[in-house]
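Enquirer: Dropping a structure here in C-alpha coordinates format, bear with me for questions.
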Amino acid sequence: MSRDREILRVAERLFYERGYGAVGVDLIGTEAGVTGPAIYSHFRGKADLLAALFDEAMDRLLVLAGPVRDDPRDELEHLVRATAQFALEQRQLLTVYTREDRALEPDARQRFRRRQRAYVERWVNALETLRPSRPQQELVSVANAVIGLLMSATTWPRDALKTDGLTELLTELALGALGLNARSEVVA
(Lines give C-alpha, C1' and ligand atoms only; values in the text may rest on other atoms or scores of the structure.)
Protein backbone atom coordinates (compact mmCIF):
# COMPACT_ATOMS: atom_id res chain seq x y z
CA MET A 1 0.00 0.00 0.00
CA SER A 2 1.38 3.43 -0.91
CA ARG A 3 2.13 5.85 1.89
CA ASP A 4 -0.67 8.17 0.67
CA ARG A 5 -3.20 5.32 0.83
CA GLU A 6 -1.94 4.25 4.25
CA ILE A 7 -2.29 7.79 5.60
CA LEU A 8 -5.81 8.04 4.14
CA ARG A 9 -6.85 4.72 5.68
CA VAL A 10 -5.57 5.84 9.08
CA ALA A 11 -7.31 9.22 8.76
CA GLU A 12 -10.54 7.47 7.73
CA ARG A 13 -10.40 5.17 10.76
CA LEU A 14 -9.57 7.97 13.20
CA PHE A 15 -12.21 10.35 11.80
CA TYR A 16 -14.72 7.50 12.03
CA GLU A 17 -13.78 6.56 15.59
CA ARG A 18 -13.19 10.03 17.10
CA GLY A 19 -14.62 12.59 14.71
CA TYR A 20 -12.71 15.00 12.50
CA GLY A 21 -12.42 17.74 15.13
CA ALA A 22 -10.84 15.45 17.70
CA VAL A 23 -8.05 14.17 15.45
CA GLY A 24 -4.79 16.01 14.87
CA VAL A 25 -2.20 15.58 12.15
CA ASP A 26 0.32 14.32 14.70
CA LEU A 27 -1.99 11.48 15.74
CA ILE A 28 -2.61 10.53 12.11
CA GLY A 29 1.14 10.53 11.53
CA THR A 30 1.86 8.42 14.58
CA GLU A 31 -0.81 5.87 13.64
CA ALA A 32 0.48 5.78 10.04
CA GLY A 33 4.08 5.33 11.19
CA VAL A 34 5.35 8.75 10.11
CA THR A 35 5.88 12.02 11.91
CA GLY A 36 2.99 14.47 11.80
CA PRO A 37 4.98 16.96 9.70
CA ALA A 38 5.86 14.19 7.20
CA ILE A 39 2.17 14.05 6.28
CA TYR A 40 2.59 17.46 4.68
CA SER A 41 4.77 15.92 1.99
CA HIS A 42 1.72 13.83 0.99
CA PHE A 43 -1.22 16.14 1.85
CA ARG A 44 -1.50 19.87 2.51
CA GLY A 45 -3.06 19.19 5.90
CA LYS A 46 -5.94 17.60 7.74
CA ALA A 47 -8.56 19.41 5.63
CA ASP A 48 -6.93 17.98 2.49
CA LEU A 49 -7.17 14.48 3.98
CA LEU A 50 -10.89 14.95 4.64
CA ALA A 51 -11.47 16.26 1.11
CA ALA A 52 -9.60 13.27 -0.31
CA LEU A 53 -11.83 10.92 1.68
CA PHE A 54 -14.96 12.65 0.37
CA ASP A 55 -13.65 12.40 -3.19
CA GLU A 56 -12.84 8.74 -2.64
CA ALA A 57 -16.34 8.06 -1.30
CA MET A 58 -17.98 9.69 -4.33
CA ASP A 59 -15.55 7.93 -6.67
CA ARG A 60 -16.39 4.54 -5.18
CA LEU A 61 -20.12 5.19 -5.33
CA LEU A 62 -19.92 6.36 -8.95
CA VAL A 63 -17.85 3.33 -9.95
CA LEU A 64 -20.51 1.06 -8.46
CA ALA A 65 -23.23 3.06 -10.23
CA GLY A 66 -21.42 2.76 -13.55
CA PRO A 67 -22.78 4.27 -16.75
CA VAL A 68 -26.35 5.51 -17.08
CA ARG A 69 -28.71 2.82 -18.32
CA ASP A 70 -31.18 3.55 -21.13
CA ASP A 71 -34.16 1.96 -19.39
CA PRO A 72 -35.24 4.15 -16.41
CA ARG A 73 -36.45 1.19 -14.38
CA ASP A 74 -33.14 -0.62 -14.88
CA GLU A 75 -31.34 2.60 -14.00
CA LEU A 76 -33.21 2.96 -10.70
CA GLU A 77 -32.79 -0.70 -9.79
CA HIS A 78 -29.09 -0.46 -10.49
CA LEU A 79 -28.70 2.82 -8.56
CA VAL A 80 -30.54 1.33 -5.59
CA ARG A 81 -28.41 -1.82 -5.60
CA ALA A 82 -25.16 0.16 -6.03
CA THR A 83 -26.03 2.53 -3.18
CA ALA A 84 -27.03 -0.36 -0.91
CA GLN A 85 -23.79 -2.18 -1.70
CA PHE A 86 -21.76 0.99 -1.09
CA ALA A 87 -23.50 1.66 2.23
CA LEU A 88 -22.84 -1.84 3.51
CA GLU A 89 -19.31 -2.35 2.16
CA GLN A 90 -17.95 1.13 2.88
CA ARG A 91 -19.68 1.79 6.19
CA GLN A 92 -16.71 3.47 7.86
CA LEU A 93 -15.96 5.74 4.87
CA LEU A 94 -19.65 6.54 4.43
CA THR A 95 -19.96 7.46 8.11
CA VAL A 96 -17.18 10.03 7.69
CA TYR A 97 -18.91 11.20 4.49
CA THR A 98 -22.29 11.69 6.18
CA ARG A 99 -21.03 13.07 9.48
CA GLU A 100 -18.19 15.43 8.59
CA ASP A 101 -19.38 17.41 5.56
CA ARG A 102 -19.53 20.66 7.57
CA ALA A 103 -15.81 20.35 8.27
CA LEU A 104 -14.93 20.51 4.57
CA GLU A 105 -13.20 23.64 3.31
CA PRO A 106 -15.53 25.75 1.10
CA ASP A 107 -13.95 24.72 -2.22
CA ALA A 108 -14.01 21.03 -1.29
CA ARG A 109 -17.60 21.34 -0.02
CA GLN A 110 -18.63 22.99 -3.28
CA ARG A 111 -16.97 20.23 -5.35
CA PHE A 112 -18.57 17.56 -3.18
CA ARG A 113 -22.05 19.13 -3.37
CA ARG A 114 -21.76 19.41 -7.17
CA ARG A 115 -20.89 15.72 -7.47
CA GLN A 116 -23.59 14.76 -4.99
CA ARG A 117 -26.22 16.75 -6.94
CA ALA A 118 -25.18 15.05 -10.18
CA TYR A 119 -25.68 11.65 -8.54
CA VAL A 120 -29.14 12.61 -7.27
CA GLU A 121 -29.99 13.99 -10.73
CA ARG A 122 -29.45 10.49 -12.17
CA TRP A 123 -32.17 9.23 -9.85
CA VAL A 124 -34.46 12.15 -10.63
CA ASN A 125 -34.02 11.76 -14.39
CA ALA A 126 -35.06 8.11 -14.20
CA LEU A 127 -37.99 8.94 -11.92
CA GLU A 128 -39.15 11.74 -14.26
CA THR A 129 -39.31 9.29 -17.15
CA LEU A 130 -41.36 6.83 -15.10
CA ARG A 131 -43.58 9.47 -13.47
CA PRO A 132 -43.82 12.42 -15.86
CA SER A 133 -46.88 13.87 -14.10
CA ARG A 134 -45.08 14.30 -10.75
CA PRO A 135 -43.51 17.67 -9.88
CA GLN A 136 -39.73 17.63 -10.19
CA GLN A 137 -39.26 18.91 -6.62
CA GLU A 138 -41.26 15.94 -5.35
CA LEU A 139 -39.02 13.56 -7.30
CA VAL A 140 -35.92 15.27 -5.86
CA SER A 141 -37.34 14.66 -2.39
CA VAL A 142 -38.15 11.03 -3.22
CA ALA A 143 -34.63 10.41 -4.56
CA ASN A 144 -33.01 11.95 -1.48
CA ALA A 145 -35.31 10.03 0.87
CA VAL A 146 -34.46 6.68 -0.72
CA ILE A 147 -30.74 7.44 -0.82
CA GLY A 148 -31.00 8.40 2.85
CA LEU A 149 -32.82 5.17 3.64
CA LEU A 150 -30.00 3.16 2.07
CA MET A 151 -27.22 5.19 3.66
CA SER A 152 -28.83 4.99 7.08
CA ALA A 153 -27.10 1.61 7.44
CA THR A 154 -24.14 3.58 8.82
CA THR A 155 -26.15 4.17 12.01
CA TRP A 156 -27.45 0.65 12.51
CA PRO A 157 -26.29 -1.56 15.37
CA ARG A 158 -23.87 -4.30 14.34
CA ASP A 159 -26.44 -7.03 14.97
CA ALA A 160 -28.75 -5.53 12.33
CA LEU A 161 -25.91 -5.70 9.80
CA LYS A 162 -25.56 -9.48 10.19
CA THR A 163 -28.78 -10.22 8.27
CA ASP A 164 -28.17 -12.71 5.46
CA GLY A 165 -28.79 -11.15 2.05
CA LEU A 166 -28.88 -7.65 3.50
CA THR A 167 -27.99 -5.93 0.21
CA GLU A 168 -30.94 -7.62 -1.47
CA LEU A 169 -33.24 -6.82 1.44
CA LEU A 170 -32.25 -3.15 1.35
CA THR A 171 -32.66 -3.13 -2.41
CA GLU A 172 -36.16 -4.59 -2.14
CA LEU A 173 -37.15 -2.07 0.57
CA ALA A 174 -35.84 0.86 -1.45
CA LEU A 175 -37.55 -0.32 -4.65
CA GLY A 176 -40.77 -0.56 -2.66
CA ALA A 177 -40.26 2.99 -1.38
CA LEU A 178 -39.85 4.12 -5.00
CA GLY A 179 -43.08 2.39 -5.96
CA LEU A 180 -41.17 -0.27 -7.86
CA ASN A 181 -41.33 -3.92 -7.11
CA ALA A 182 -38.96 -6.46 -8.60
CA ARG A 183 -41.95 -8.59 -9.61
CA SER A 184 -44.41 -5.97 -10.83
CA GLU A 185 -44.68 -2.83 -12.93
CA VAL A 186 -44.34 0.72 -11.71
CA VAL A 187 -46.98 1.73 -9.21
CA ALA A 188 -48.46 5.17 -9.90
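By order of appearance in the C-alpha coordinates: chains A, B, ..., then residues from 1 within every chain, and ligands from 1 in the order shown.
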What's around A:Ala32 at 8 Å? Count only C-alpha atoms, leave out sequence neighbours fewer than 6 positions away in its own chain, and write the answer as a VMD selection string.

Expert: chain A and resid 6 to 7 10

Enquirer: Considering only C-alpha atoms, return as a list in words whatever protein or nucleic-acid residues lie within 6 Å of stretch 162-175 of chain A, sequence-local ones (same chain, fewer than 3 positions apart) excluded.

Expert: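 After dropping sequence-adjacent residues, the list is Val80, Arg81, Ala84, Gln85, Asp159, Leu178, Leu180 and Asn181 of chain A.
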
Enquirer: Using only C-alpha atoms, which of the listed residues (A:Arg122, A:Arg117, A:Arg134, A:Arg111) sits closest to A:Ala52?

Expert: A:Arg111

Enquirer: Using only C-alpha atoms for the distances, tell me which of A:Asp74, A:Glu100, A:Glu138, A:Asp107 is nearest to A:Ala126.

Expert: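 Smallest distance to A:Ala126 is found for A:Asp74.
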
Enquirer: Tell me which of A:Arg3, A:Ala11, A:Val25, A:Leu50 sits closest to A:Ala108, counting only C-alpha atoms.

Expert: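 Of the candidates, the smallest distance to A:Ala108 is held by A:Leu50.
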
Enquirer: Smallest atom-to-atom distance to A:Lys46: which of A:Ile28, A:Pro67, A:Leu61, A:Leu127, using only C-alpha atoms?

Expert: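 Using only C-alpha atoms, A:Lys46 sits closest to A:Ile28.
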
Enquirer: Any chance you could list, as a count of residues only, the residues in stretch 3-157 of chain A that come up alpha helix (DSSP H) when DSSP is run on the backbone?

Expert: 112

Enquirer: Report as JSON, numbers by chain all protein, DNA and RNA residues lying within 12 Å of A:Ser41, evaluated on only C-alpha atoms, omitting residues in the same chain fewer than 6 positions from it.

Expert: {"A": [3, 4, 7, 29, 34, 35, 48]}

Enquirer: Please, what distance in Å, to one decimal, runs between atom CA of A:Ile147 and atom CA of A:Val124?

Expert: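 Interatomic distance, atom CA of A:Ile147 to atom CA of A:Val124: 11.5 Å.
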
Enquirer: So which one's closest to A:Trp156, A:Ser2, A:Thr95, A:Thr83, A:Asn125? Using only C-alpha atoms, please.

Expert: A:Thr95

Enquirer: When you draw a straight line from atom CA of A:Ala22 to atom CA of A:Glu105, how long is it in Å?

Expert: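 Interatomic distance, atom CA of A:Ala22 to atom CA of A:Glu105: 16.7 Å.
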
Enquirer: Work out how far atom CA of A:Met58 is from atom CA of A:Arg99, in Å to one decimal.

Expert: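 It comes out at 14.5 Å.
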